[in-house]
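Peer 1: The structure under discussion is supplied below as structure tokens; questions concerning it will follow.
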Amino acid sequence: MSDRRNLFNKVWDLHTVRTLPNQQTQLFIGLHLIHEVTSPQAFEILRDRNLKVAYPDRTVATVDHIVPTSDQSRPFLDGLAEQMMSAIEKNCDEFGVTLMDLKDGRQGIVHVVGPEQGLTQPGMTIVCGDSHTSTHGAFGSIAIGIGTSNVAQVLSTQTMFLDRPRVRRVVVNGDLAPGVYAKDVILYIIQQLGVQGGVGYAYEYAGTTFDAMTMEERMTVCNMSIEGGARCGYINPDEKTVEYLRGRPYSPTGEEFENAAAWWLSLASDDSAEFDDEVVFNAADIEPTVTWGITPAQSVGVSQPLPTLSECAAGERTLLGEALEFMSLKEGEPVKGTKIDVAFIGSCTNGRISDLREAARIAEGHHVAAGVKAIVVPGSQLVREQAMKEGLHTIFEAAGFEWRGAGCSMCLAMNPDKLQGREVCASSSNRNFKGRQGSPTGRTLLMSPAMVTAAAIAGEVVDIREFAAAAV
Amino acid sequence: MSTKITSVTGTGVPLLLDDIDTDRIIPARYLRCVTFEGLGEFAFEDDRQQDPAHPFNKPEFAGASVLVAGRNFGCGSSREHAPQSLMRWGLKAIVAESFAEIFFGNCCSLGVVAVTADRADIDKLGAAIAADPTLEVSVDLESMTASAGNVSAKVKMPDSARGALVTGEWDYLGQLLSAADQVTAHAKTIPYLNHFSA
Ligand code: SF4
């Protein structure tokens with residue numbers, strides 16, 4: 001019998017402990033990932049109230065935001081970072097939570113580690129005190145970012161109150177053209193629907209474009225759901241999901257794995273599933289995409305000019321003007337040719353092995369432009385190890401890129417990797433907010449790792465399709 | 001049970017830009033901390049440095065209790081440090097055209113009143129406060145109105161959040177803990193907690 005409910009509603013109902021008279025759901029949380037930034041105050045709440053961690057085996061911690069990516073010796077040079085590191089070590093030890101720390105070999109960005117370890121599985125509810133928790137939706141889970149008070153609630157009860165969002169199916173059909181990546185797909189969706197278009201919605205990404213994507217590409221897409229205002233986004237589990245999970249450290253084994261796989265696949269929204277809203281796009285309309293402004297929706301296809309004040313909707317003019325001024329860019333000018341000072345390849349959006357392979361493929365035989373600082377930061381220690389096994393680090397180093405340790409690095413400004421002054425950074429990360437990369441006046445252009453690599457080599461924003469052609 | 005919050009009254013501060021993200025509310029370098037104490041003084045730190053005319057720099061708005069803001073306020077990161085810093089700066093309520101969801105949820109957890117209003121009303125409230133920063137500004141959760149002097153506007157808030165504030169039940173942790181037995185029983189029905197045989 002066909003089940004007309006979509007995956008979101010099936011998983012939500014399965015985890016509903018009770019519904020309050022005000023319609024809020026007390027939702028059971030299947031996996032709670034924690035990191036050093038948003039957890040110390042939560043553990044303090046537990047201490048104050050004399051509470052325990054309710055399900056320590058459903059809670060896993062790692063360290064990522066404050067971790068230096070070059071000199072990782074302890075104590076850290078930054079006393080505040082050291083204090084946070086000591087706090088998470090102490091808290092995990094005292095409350096019996098597994099901590100994948102720098103010595104562990106499994107450490108990395110929390111949204112890279114979860115999937116890599118097989119912790120992230122279809123049909124789960126997953127939370128983390130981090131907005132990019134949406135990444136884990138790539139497996140067909142409900143994965144949402146939460147604040148620190150919520151972290152305390154989930155630590156001590158394994159549940160939290162949530163209002164059920166509506167579900168919008170975001171359909172993209174067709175093949176991606178050469179040089180167009182998963183990153184471009186999600187940047188395009190955000191550009192089309194706006195940074196607040198997803199507020200109140202969970203996004204189901206469906207269509208042949210997502211069907212054709214690898215799990216890592218799906219993670220890139222789901223990662224940036226939050227940049228479009230949707231607190232979570234997901235893709236239905238399929239055989240690729242199952243195969244990705246087979247043999248991972250936290251995956252079930254033997255017969256249990258087969259039972260799990262059957263259950264995972266049964267959760268997918270079927271063709272007759274109902275949605276609150278649907279939008280449809282064509283892969284053929286998507287170009288390599290670059291942000292030029294201060295929100296992730298302020299982007300253009302690389303061959304397109306920046307918008308003009310006269311053509312933009314009246315309500316958007318102030319923001320457009322503010323963005324152009326901050327970026328020192330001119331309306332109507334091409335984005336191609338914008339000079340860059342820094343190139344950053346990494347983050348929970350694009351710091352996985354497939355991203356590094358693609359970047360290395362493009363970097364091979366070239367050299368970073370004079371005056372450009374380029375760094376490659378693997379998303380986890382395991383990604384780093386794999387890349388080194390494949391010799392990617394030697395390609396990067398020969399091309400003039402710095403090869404770093406795993407962490408969030410230059411995605412945000414909590415460790416030594418920061419922009420200086422007005423530097424312009426071509427970045428594979430997810431946010432171009434003012435000051436995001438560490439200098440209050442620094443400027444960020446978001447794009448795919450391939451485009452970042454090409455920009456590093458050219459010293460300016462280039463069209464990867466022309467660059468690749470020239471490189472052959 | 002926490003304090004019942006049915007209204008907020010004080011002076012106001014207008015900040016009518018759209019898409020103000022949490023990196024701007026509290027830059028990431030101030031997240032290198034293990035408590036929220038002291039975050040109030042760094043609210044909008046970088047914006048204030050770059051813009052001497054930023055409302056949070058102006059002495060006439062110091063001590064304000066109500067922020068009037070634009071669309072998609074608090075987008076970006078989940079950092080509770082953002083509403084914490086605004087609350088510690090002195091704000092008790094925010095009236096915006098719309099909020100990002102995680103930020104809104106964080107406000108609820110802290111008992112910060114976050115309500116929405118139509119853009120035209122936001123503009124009127126903001127203009128009234130800018131013209132006279134000493135105006136009494138209030139947000140009332142019984143009548144669901146916000147006012148600044150003679151300007152009055154309808155405001156909205158989801159019933160669940162409003163109910164929690166007015167009944168004083170916004171300490172969600174206590175309520176969640178009270179259902180511990182139900183949670184334990186429910187966990188037995190979830191396949192992946194039971195070797196996929198539940
Ligand atoms: S890589 Fe960036 S976006 Fe991802 S968790 Fe780290 S800081 Fe957040």
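Identifiers in this document derive from the order of the structure tokens: chains are assigned A, B, ..., residues are numbered from 1 separately in each chain, and ligands are numbered from 1 in order of occurrence.
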Please provide the set of residues having any atom within 9 Å of Glu364 in chain A, restricted to only C-alpha atoms, with same-chain residues fewer than 2 positions apart removed, written as a VMD selection string.
Peer 2: chain A and resid 359 to 362 366 to 367 395 to 396 398 to 399
Peer 1: Residues of the last selection are to be written out with all heavy atoms, as a tab-separated table (two decimals), in the first residue's frame.
Peer 2:
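Heads up, here's the output in part33.tsv:
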chain	number	residue	atom	x	y	z
A	359	ALA	N	39.76	19.65	-6.70
A	359	ALA	CA	40.65	20.82	-6.63
A	359	ALA	C	42.07	20.44	-7.08
A	359	ALA	O	42.71	21.18	-7.84
A	359	ALA	CB	40.66	21.38	-5.21
A	360	ALA	N	42.53	19.28	-6.64
A	360	ALA	CA	43.89	18.85	-7.01
A	360	ALA	C	44.00	18.59	-8.51
A	360	ALA	O	44.99	18.94	-9.15
A	360	ALA	CB	44.27	17.59	-6.23
A	361	ARG	N	42.94	18.04	-9.06
A	361	ARG	CA	42.93	17.77	-10.51
A	361	ARG	C	43.11	19.08	-11.29
A	361	ARG	O	43.85	19.13	-12.27
A	361	ARG	CB	41.59	17.12	-10.88
A	361	ARG	CG	41.49	16.59	-12.30
A	361	ARG	CD	40.10	16.01	-12.58
A	361	ARG	NE	39.06	17.03	-12.68
A	361	ARG	CZ	38.83	17.78	-13.76
A	361	ARG	NH1	39.59	17.64	-14.84
A	361	ARG	NH2	37.86	18.69	-13.75
A	362	ILE	N	42.48	20.12	-10.80
A	362	ILE	CA	42.57	21.40	-11.50
A	362	ILE	C	43.91	22.10	-11.21
A	362	ILE	O	44.50	22.73	-12.09
A	362	ILE	CB	41.37	22.30	-11.11
A	362	ILE	CG1	40.11	21.69	-11.71
A	362	ILE	CG2	41.56	23.74	-11.56
A	362	ILE	CD1	38.84	22.13	-11.04
A	366	HIS	N	49.81	23.63	-12.38
A	366	HIS	CA	49.69	25.09	-12.36
A	366	HIS	C	50.33	25.63	-11.10
A	366	HIS	O	50.79	24.88	-10.25
A	366	HIS	CB	48.21	25.51	-12.38
A	366	HIS	CG	47.51	25.15	-13.64
A	366	HIS	ND1	47.59	25.91	-14.78
A	366	HIS	CD2	46.71	24.10	-13.94
A	366	HIS	CE1	46.88	25.35	-15.74
A	366	HIS	NE2	46.34	24.24	-15.26
A	367	HIS	N	50.33	26.96	-10.97
A	367	HIS	CA	50.83	27.56	-9.73
A	367	HIS	C	49.94	28.70	-9.30
A	367	HIS	O	49.43	29.45	-10.14
A	367	HIS	CB	52.28	28.03	-9.89
A	367	HIS	CG	52.96	28.15	-8.56
A	367	HIS	ND1	52.81	29.24	-7.74
A	367	HIS	CD2	53.75	27.27	-7.89
A	367	HIS	CE1	53.49	29.05	-6.61
A	367	HIS	NE2	54.08	27.85	-6.68
A	395	ILE	N	50.51	17.48	-4.79
A	395	ILE	CA	50.03	18.29	-5.92
A	395	ILE	C	49.76	19.71	-5.45
A	395	ILE	O	50.19	20.69	-6.07
A	395	ILE	CB	48.75	17.68	-6.54
A	395	ILE	CG1	49.04	16.29	-7.10
A	395	ILE	CG2	48.16	18.62	-7.60
A	395	ILE	CD1	47.82	15.55	-7.62
A	396	PHE	N	49.05	19.81	-4.31
A	396	PHE	CA	48.73	21.15	-3.79
A	396	PHE	C	50.00	21.93	-3.47
A	396	PHE	O	50.14	23.10	-3.82
A	396	PHE	CB	47.84	21.04	-2.54
A	396	PHE	CG	46.41	20.68	-2.85
A	396	PHE	CD1	45.80	19.57	-2.26
A	396	PHE	CD2	45.65	21.45	-3.73
A	396	PHE	CE1	44.48	19.24	-2.52
A	396	PHE	CE2	44.32	21.12	-4.01
A	396	PHE	CZ	43.74	20.01	-3.40
A	398	ALA	N	53.04	21.55	-4.55
A	398	ALA	CA	53.80	21.91	-5.75
A	398	ALA	C	53.15	23.11	-6.45
A	398	ALA	O	53.82	23.93	-7.09
A	398	ALA	CB	53.87	20.72	-6.71
A	399	ALA	N	51.82	23.23	-6.29
A	399	ALA	CA	51.11	24.33	-6.94
A	399	ALA	C	51.08	25.59	-6.08
A	399	ALA	O	50.48	26.59	-6.47
A	399	ALA	CB	49.69	23.89	-7.29
Peer 1: Would you return as number ranges by chain the members of range 294-384 of chain A that DSSP assigns to strand (DSSP E or B) on this structure's backbone?
Peer 2: A: 299-301, 305, 334, 339, 342-345, 373-376, 380
Peer 1: Please list as a list in words every residue within 8 Å of Ile5 in chain B, counting only C-alpha atoms and excluding residues in the same chain fewer than 6 positions away.
Peer 2: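 Listed by chain and then number, they are Gly111, Leu165, Val166, Thr167 and Gly168 of chain B.
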Peer 1: Please return as a PyMOL selection string the residues found within 6 Å of ligand 1, counting only C-alpha atoms and all ligand atoms.
Peer 2: chain A and resi 65+109+132+347-348+408+411-412
Peer 1: Could you turn the residues from that selection into a file that holds all heavy atoms, as a PDB file, in the first residue's frame?
Peer 2:
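That gives us result21.pdb:
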ATOM      1  N   HIS A  65      35.838  24.242  15.525  1.00  0.00           N
ATOM      2  CA  HIS A  65      35.833  25.681  15.259  1.00  0.00           C
ATOM      3  C   HIS A  65      37.112  26.400  15.684  1.00  0.00           C
ATOM      4  O   HIS A  65      37.619  27.258  14.979  1.00  0.00           O
ATOM      5  CB  HIS A  65      34.632  26.346  15.950  1.00  0.00           C
ATOM      6  CG  HIS A  65      33.313  26.013  15.334  1.00  0.00           C
ATOM      7  ND1 HIS A  65      32.768  24.753  15.381  1.00  0.00           N
ATOM      8  CD2 HIS A  65      32.417  26.783  14.664  1.00  0.00           C
ATOM      9  CE1 HIS A  65      31.595  24.759  14.751  1.00  0.00           C
ATOM     10  NE2 HIS A  65      31.363  25.983  14.310  1.00  0.00           N
ATOM     11  N   ILE A 109      35.571  18.504  11.316  1.00  0.00           N
ATOM     12  CA  ILE A 109      34.356  19.322  11.383  1.00  0.00           C
ATOM     13  C   ILE A 109      33.183  18.386  11.668  1.00  0.00           C
ATOM     14  O   ILE A 109      33.045  17.337  11.017  1.00  0.00           O
ATOM     15  CB  ILE A 109      34.117  20.081  10.064  1.00  0.00           C
ATOM     16  CG1 ILE A 109      35.351  20.902   9.687  1.00  0.00           C
ATOM     17  CG2 ILE A 109      32.896  20.988  10.184  1.00  0.00           C
ATOM     18  CD1 ILE A 109      35.288  21.531   8.308  1.00  0.00           C
ATOM     19  N   HIS A 132      24.654  24.429  10.474  1.00  0.00           N
ATOM     20  CA  HIS A 132      24.894  23.574   9.298  1.00  0.00           C
ATOM     21  C   HIS A 132      24.644  22.098   9.547  1.00  0.00           C
ATOM     22  O   HIS A 132      25.009  21.243   8.738  1.00  0.00           O
ATOM     23  CB  HIS A 132      26.285  23.839   8.720  1.00  0.00           C
ATOM     24  CG  HIS A 132      26.361  25.206   8.133  1.00  0.00           C
ATOM     25  ND1 HIS A 132      26.942  26.251   8.803  1.00  0.00           N
ATOM     26  CD2 HIS A 132      25.846  25.724   6.995  1.00  0.00           C
ATOM     27  CE1 HIS A 132      26.799  27.354   8.079  1.00  0.00           C
ATOM     28  NE2 HIS A 132      26.138  27.063   6.989  1.00  0.00           N
ATOM     29  N   SER A 347      35.948  23.565   4.718  1.00  0.00           N
ATOM     30  CA  SER A 347      34.661  23.775   5.401  1.00  0.00           C
ATOM     31  C   SER A 347      33.748  22.554   5.308  1.00  0.00           C
ATOM     32  O   SER A 347      33.995  21.626   4.538  1.00  0.00           O
ATOM     33  CB  SER A 347      33.906  25.000   4.875  1.00  0.00           C
ATOM     34  OG  SER A 347      33.113  24.660   3.764  1.00  0.00           O
ATOM     35  N   CYS A 348      32.659  22.624   6.089  1.00  0.00           N
ATOM     36  CA  CYS A 348      31.694  21.520   6.084  1.00  0.00           C
ATOM     37  C   CYS A 348      30.897  21.466   4.796  1.00  0.00           C
ATOM     38  O   CYS A 348      30.216  20.494   4.528  1.00  0.00           O
ATOM     39  CB  CYS A 348      30.771  21.615   7.300  1.00  0.00           C
ATOM     40  SG  CYS A 348      29.858  23.159   7.417  1.00  0.00           S
ATOM     41  N   CYS A 408      37.648  23.942  11.020  1.00  0.00           N
ATOM     42  CA  CYS A 408      36.792  24.918  10.326  1.00  0.00           C
ATOM     43  C   CYS A 408      37.614  26.003   9.641  1.00  0.00           C
ATOM     44  O   CYS A 408      37.175  26.615   8.678  1.00  0.00           O
ATOM     45  CB  CYS A 408      35.830  25.574  11.313  1.00  0.00           C
ATOM     46  SG  CYS A 408      34.619  24.438  11.991  1.00  0.00           S
ATOM     47  N   CYS A 411      36.639  29.387   7.534  1.00  0.00           N
ATOM     48  CA  CYS A 411      35.201  29.538   7.308  1.00  0.00           C
ATOM     49  C   CYS A 411      34.633  30.584   8.251  1.00  0.00           C
ATOM     50  O   CYS A 411      33.692  31.280   7.925  1.00  0.00           O
ATOM     51  CB  CYS A 411      34.493  28.214   7.506  1.00  0.00           C
ATOM     52  SG  CYS A 411      32.720  28.348   7.363  1.00  0.00           S
ATOM     53  N   LEU A 412      35.192  30.654   9.455  1.00  0.00           N
ATOM     54  CA  LEU A 412      34.751  31.679  10.413  1.00  0.00           C
ATOM     55  C   LEU A 412      35.950  32.124  11.217  1.00  0.00           C
ATOM     56  O   LEU A 412      37.044  31.628  11.025  1.00  0.00           O
ATOM     57  CB  LEU A 412      33.621  31.166  11.314  1.00  0.00           C
ATOM     58  CG  LEU A 412      33.961  30.582  12.680  1.00  0.00           C
ATOM     59  CD1 LEU A 412      32.717  30.296  13.452  1.00  0.00           C
ATOM     60  CD2 LEU A 412      34.819  29.352  12.570  1.00  0.00           C
TER      61      LEU A 412
END
Peer 1: What is the distance between CA of Arg246 in chain A and CA of Val170 in chain A, in Å to one decimal?
Peer 2: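 Distance between the two atoms: 28.1 Å.
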Peer 1: Show which residues sit within 12 Å of range 147-150 of chain B, as a PDB file with C-alpha atoms, in the first residue's frame. Count only C-alpha atoms, and ignore same-chain residues fewer than 6 positions away.
Peer 2:
ATOM      1  CA  SER B   7       4.479  43.005  28.170  1.00  0.00           C
ATOM      2  CA  VAL B   8       7.701  44.933  27.793  1.00  0.00           C
ATOM      3  CA  THR B   9       7.897  48.689  28.240  1.00  0.00           C
ATOM      4  CA  GLY B  10      10.870  51.017  27.913  1.00  0.00           C
ATOM      5  CA  THR B  11      12.534  53.051  25.219  1.00  0.00           C
ATOM      6  CA  GLY B  12      13.312  51.784  21.738  1.00  0.00           C
ATOM      7  CA  VAL B  13      16.158  51.521  19.238  1.00  0.00           C
ATOM      8  CA  PRO B  14      15.568  51.252  15.462  1.00  0.00           C
ATOM      9  CA  VAL B  66      12.818  47.281  22.444  1.00  0.00           C
ATOM     10  CA  LEU B  67      14.621  46.795  19.134  1.00  0.00           C
ATOM     11  CA  VAL B  68      12.731  47.520  15.924  1.00  0.00           C
ATOM     12  CA  VAL B  95       9.819  43.736  16.813  1.00  0.00           C
ATOM     13  CA  ALA B 117       4.817  43.257  12.314  1.00  0.00           C
ATOM     14  CA  ASP B 121       4.229  49.413  10.676  1.00  0.00           C
ATOM     15  CA  ILE B 122       7.877  48.587  11.295  1.00  0.00           C
ATOM     16  CA  ASP B 123       8.835  51.677   9.320  1.00  0.00           C
ATOM     17  CA  LYS B 124       6.388  53.836  11.311  1.00  0.00           C
ATOM     18  CA  LEU B 125       7.558  52.524  14.667  1.00  0.00           C
ATOM     19  CA  GLY B 126      11.187  52.997  13.645  1.00  0.00           C
ATOM     20  CA  ALA B 127      10.573  56.533  12.429  1.00  0.00           C
ATOM     21  CA  ALA B 128       8.745  57.509  15.609  1.00  0.00           C
ATOM     22  CA  ILE B 129      11.585  56.224  17.784  1.00  0.00           C
ATOM     23  CA  ALA B 130      14.247  57.852  15.606  1.00  0.00           C
ATOM     24  CA  ALA B 131      12.409  61.174  15.845  1.00  0.00           C
ATOM     25  CA  ASP B 132      12.103  60.938  19.626  1.00  0.00           C
ATOM     26  CA  PRO B 133      14.320  58.375  21.356  1.00  0.00           C
ATOM     27  CA  THR B 134      12.706  59.175  24.720  1.00  0.00           C
ATOM     28  CA  LEU B 135       9.289  57.894  23.560  1.00  0.00           C
ATOM     29  CA  GLU B 136       7.790  55.145  25.653  1.00  0.00           C
ATOM     30  CA  VAL B 137       7.774  51.987  23.566  1.00  0.00           C
ATOM     31  CA  SER B 138       5.840  48.920  24.553  1.00  0.00           C
ATOM     32  CA  VAL B 139       5.072  45.457  23.296  1.00  0.00           C
ATOM     33  CA  ASP B 140       1.959  43.897  24.736  1.00  0.00           C
ATOM     34  CA  LEU B 141       1.340  40.170  24.412  1.00  0.00           C
TER      35      LEU B 141
END
Peer 1: Find the residues around Thr308 in chain A up to 7 Å (only C-alpha atoms counted), leave out those fewer than 4 positions away in its own chain, and share them as number ranges by chain.
Peer 2: A: 312, 331-332
Peer 1: Dump as a JSON list (two decimals) with all heavy atoms, in the first residue's frame the residues of chain A that approach chain B to within 6 Å, counting only C-alpha atoms.
Peer 2:
[["chain", "number", "residue", "atom", "x", "y", "z"],
["A", 22, "ASN", "N", -0.58, 23.31, 22.74],
["A", 22, "ASN", "CA", -0.29, 24.39, 21.78],
["A", 22, "ASN", "C", 0.26, 23.87, 20.46],
["A", 22, "ASN", "O", 0.77, 24.62, 19.65],
["A", 22, "ASN", "CB", 0.67, 25.40, 22.41],
["A", 22, "ASN", "CG", 2.05, 24.83, 22.64],
["A", 22, "ASN", "OD1", 2.41, 23.79, 22.07],
["A", 22, "ASN", "ND2", 2.84, 25.47, 23.48],
["A", 40, "PRO", "N", 29.74, 24.47, 26.15],
["A", 40, "PRO", "CA", 30.17, 24.67, 27.55],
["A", 40, "PRO", "C", 29.08, 25.24, 28.45],
["A", 40, "PRO", "O", 28.88, 24.77, 29.56],
["A", 40, "PRO", "CB", 31.36, 25.63, 27.44],
["A", 40, "PRO", "CG", 31.41, 26.13, 26.05],
["A", 40, "PRO", "CD", 30.63, 25.17, 25.21],
["A", 41, "GLN", "N", 28.32, 26.22, 27.94],
["A", 41, "GLN", "CA", 27.27, 26.82, 28.76],
["A", 41, "GLN", "C", 26.15, 25.81, 29.02],
["A", 41, "GLN", "O", 25.49, 25.86, 30.07],
["A", 41, "GLN", "CB", 26.70, 28.06, 28.06],
["A", 41, "GLN", "CG", 27.69, 29.19, 27.88],
["A", 41, "GLN", "CD", 28.46, 29.11, 26.56],
["A", 41, "GLN", "OE1", 28.48, 28.08, 25.89],
["A", 41, "GLN", "NE2", 29.12, 30.18, 26.19],
["A", 80, "LEU", "N", 42.12, 31.64, 25.18],
["A", 80, "LEU", "CA", 40.67, 31.42, 25.20],
["A", 80, "LEU", "C", 40.31, 30.10, 24.51],
["A", 80, "LEU", "O", 39.45, 29.36, 24.95],
["A", 80, "LEU", "CB", 39.95, 32.59, 24.51],
["A", 80, "LEU", "CG", 40.04, 33.93, 25.23],
["A", 80, "LEU", "CD1", 39.48, 35.05, 24.35],
["A", 80, "LEU", "CD2", 39.29, 33.88, 26.56],
["A", 130, "ASP", "N", 24.66, 23.93, 15.97],
["A", 130, "ASP", "CA", 25.35, 24.48, 14.80],
["A", 130, "ASP", "C", 24.36, 24.49, 13.64],
["A", 130, "ASP", "O", 23.72, 23.48, 13.36],
["A", 130, "ASP", "CB", 26.55, 23.61, 14.45],
["A", 130, "ASP", "CG", 27.45, 24.33, 13.47],
["A", 130, "ASP", "OD1", 27.11, 24.36, 12.26],
["A", 130, "ASP", "OD2", 28.49, 24.86, 13.88],
["A", 131, "SER", "N", 24.26, 25.61, 12.96],
["A", 131, "SER", "CA", 23.21, 25.74, 11.95],
["A", 131, "SER", "C", 23.42, 24.82, 10.74],
["A", 131, "SER", "O", 22.47, 24.46, 10.07],
["A", 131, "SER", "CB", 23.10, 27.19, 11.49],
["A", 131, "SER", "OG", 24.33, 27.62, 10.97],
["A", 146, "ILE", "N", 20.52, 23.91, 16.45],
["A", 146, "ILE", "CA", 19.84, 24.39, 17.67],
["A", 146, "ILE", "C", 20.75, 25.32, 18.45],
["A", 146, "ILE", "O", 21.96, 25.35, 18.23],
["A", 146, "ILE", "CB", 19.41, 23.20, 18.57],
["A", 146, "ILE", "CG1", 20.62, 22.33, 18.98],
["A", 146, "ILE", "CG2", 18.35, 22.35, 17.87],
["A", 146, "ILE", "CD1", 20.29, 21.21, 19.95],
["A", 147, "GLY", "N", 20.17, 26.07, 19.39],
["A", 147, "GLY", "CA", 20.95, 26.96, 20.25],
["A", 147, "GLY", "C", 21.38, 26.25, 21.52],
["A", 147, "GLY", "O", 21.03, 25.09, 21.76],
["A", 148, "THR", "N", 22.14, 26.97, 22.33],
["A", 148, "THR", "CA", 22.74, 26.35, 23.51],
["A", 148, "THR", "C", 21.72, 25.90, 24.56],
["A", 148, "THR", "O", 21.89, 24.86, 25.19],
["A", 148, "THR", "CB", 23.77, 27.32, 24.12],
["A", 148, "THR", "OG1", 24.81, 27.49, 23.16],
["A", 148, "THR", "CG2", 24.37, 26.77, 25.39],
["A", 153, "GLN", "N", 18.85, 21.06, 26.87],
["A", 153, "GLN", "CA", 17.61, 20.27, 26.93],
["A", 153, "GLN", "C", 17.84, 18.87, 26.34],
["A", 153, "GLN", "O", 17.41, 17.87, 26.92],
["A", 153, "GLN", "CB", 16.50, 20.98, 26.14],
["A", 153, "GLN", "CG", 16.03, 22.28, 26.81],
["A", 153, "GLN", "CD", 15.41, 23.25, 25.81],
["A", 153, "GLN", "OE1", 15.17, 22.92, 24.65],
["A", 153, "GLN", "NE2", 15.17, 24.48, 26.25],
["A", 260, "ALA", "N", 18.29, -2.84, 8.51],
["A", 260, "ALA", "CA", 18.37, -1.38, 8.56],
["A", 260, "ALA", "C", 18.15, -0.81, 7.16],
["A", 260, "ALA", "O", 17.35, 0.10, 6.96],
["A", 260, "ALA", "CB", 19.73, -0.94, 9.09],
["A", 413, "ALA", "N", 35.75, 33.04, 12.12],
["A", 413, "ALA", "CA", 36.89, 33.73, 12.71],
["A", 413, "ALA", "C", 37.17, 33.31, 14.14],
["A", 413, "ALA", "O", 37.26, 34.12, 15.02],
["A", 413, "ALA", "CB", 36.62, 35.23, 12.65],
["A", 414, "MET", "N", 37.32, 32.01, 14.37],
["A", 414, "MET", "CA", 37.53, 31.58, 15.75],
["A", 414, "MET", "C", 38.87, 30.88, 15.97],
["A", 414, "MET", "O", 39.11, 30.29, 17.01],
["A", 414, "MET", "CB", 36.42, 30.65, 16.19],
["A", 414, "MET", "CG", 35.11, 31.37, 16.35],
["A", 414, "MET", "SD", 33.91, 30.40, 17.25],
["A", 414, "MET", "CE", 34.68, 30.27, 18.84],
["A", 440, "PRO", "N", 36.86, 42.36, 10.04],
["A", 440, "PRO", "CA", 35.55, 43.03, 9.97],
["A", 440, "PRO", "C", 35.27, 43.64, 8.60],
["A", 440, "PRO", "O", 34.12, 43.76, 8.20],
["A", 440, "PRO", "CB", 35.67, 44.12, 11.04],
["A", 440, "PRO", "CG", 36.70, 43.62, 12.01],
["A", 440, "PRO", "CD", 37.67, 42.82, 11.18]]
Peer 1: Which value, in Å to one decimal, gives the distance between CA of Gly247 in chain A and CA of Cys222 in chain A?
Peer 2: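 Separation of CA of Gly247 in chain A and CA of Cys222 in chain A: 23.2 Å.
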Peer 1: Identify, on the basis of only C-alpha atoms, every residue whose closest approach to Arg248 in chain A does not exceed 12 Å; exclude the query and any residue fewer than 2 positions from it along the same chain; express the result as a ChimeraX atom specification.
Peer 2: /A:113-121,241-246,250-253,257
Peer 1: Kindly export the residues of the current selection with C-alpha atoms, as an mmCIF file, in the first residue's frame.
Peer 2:
data_model
loop_
_atom_site.group_PDB
_atom_site.id
_atom_site.type_symbol
_atom_site.label_atom_id
_atom_site.label_comp_id
_atom_site.auth_asym_id
_atom_site.auth_seq_id
_atom_site.Cartn_x
_atom_site.Cartn_y
_atom_site.Cartn_z
ATOM 1 C CA VAL A 113 32.715 13.445 11.028
ATOM 2 C CA GLY A 114 29.075 12.362 11.552
ATOM 3 C CA PRO A 115 28.582 10.891 8.082
ATOM 4 C CA GLU A 116 32.137 9.602 7.827
ATOM 5 C CA GLN A 117 31.757 7.572 11.025
ATOM 6 C CA GLY A 118 28.345 6.228 10.015
ATOM 7 C CA LEU A 119 26.780 8.059 12.956
ATOM 8 C CA THR A 120 24.461 9.890 10.562
ATOM 9 C CA GLN A 121 21.818 7.489 9.272
ATOM 10 C CA THR A 241 22.895 6.015 0.771
ATOM 11 C CA VAL A 242 22.922 2.365 1.782
ATOM 12 C CA GLU A 243 26.233 1.668 0.055
ATOM 13 C CA TYR A 244 27.834 4.741 1.606
ATOM 14 C CA LEU A 245 26.938 3.470 5.064
ATOM 15 C CA ARG A 246 27.981 -0.127 4.577
ATOM 16 C CA TYR A 250 28.943 3.143 13.608
ATOM 17 C CA SER A 251 26.862 1.417 10.940
ATOM 18 C CA PRO A 252 25.009 -1.734 11.868
ATOM 19 C CA THR A 253 26.599 -4.983 10.673
ATOM 20 C CA PHE A 257 22.533 -3.931 8.356
#
Peer 1: Rounded to one decimal in Å, what is the spacing between CA of Thr59 in chain A and CA of Asn91 in chain A?
Peer 2: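 If I compute the distance from CA of Thr59 in chain A to CA of Asn91 in chain A, I get 12.3 Å.
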Peer 1: Of the candidates B:Ala62, B:Leu91, B:Gly70, B:Glu37, which one gets nearest to Leu15 in chain B if we count only C-alpha atoms?
Peer 2: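 Ranking B:Ala62, B:Leu91, B:Gly70, B:Glu37 by distance to Leu15 in chain B, first place goes to B:Gly70.
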Peer 1: Residues of range 197-296 of chain A in alpha helix (DSSP H) according to DSSP, as a ChimeraX atom specification?
Peer 2: /A:208-211,215-223,239-245,254-266
Peer 1: Pick out the closest residue to Ala283 in chain A from this set: A:Val172, A:Val368, A:Ala230, A:Ile186. Count only C-alpha atoms.
Peer 2: A:Val172
Peer 1: Just want the 10 Å neighbourhood of Val97 in chain A, counted on only C-alpha atoms, with same-chain residues fewer than 2 positions away dropped. Output as a list in words.
Peer 2: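 These residues fall inside the cut-off: Ile34, Val53, Tyr55, Pro56, Asp57, Arg58, Thr59, Val60, Ala61, Ile88, Glu89, Asn91, Cys92, Asp93, Glu94, Phe95, Leu99 and Met100 of chain A.
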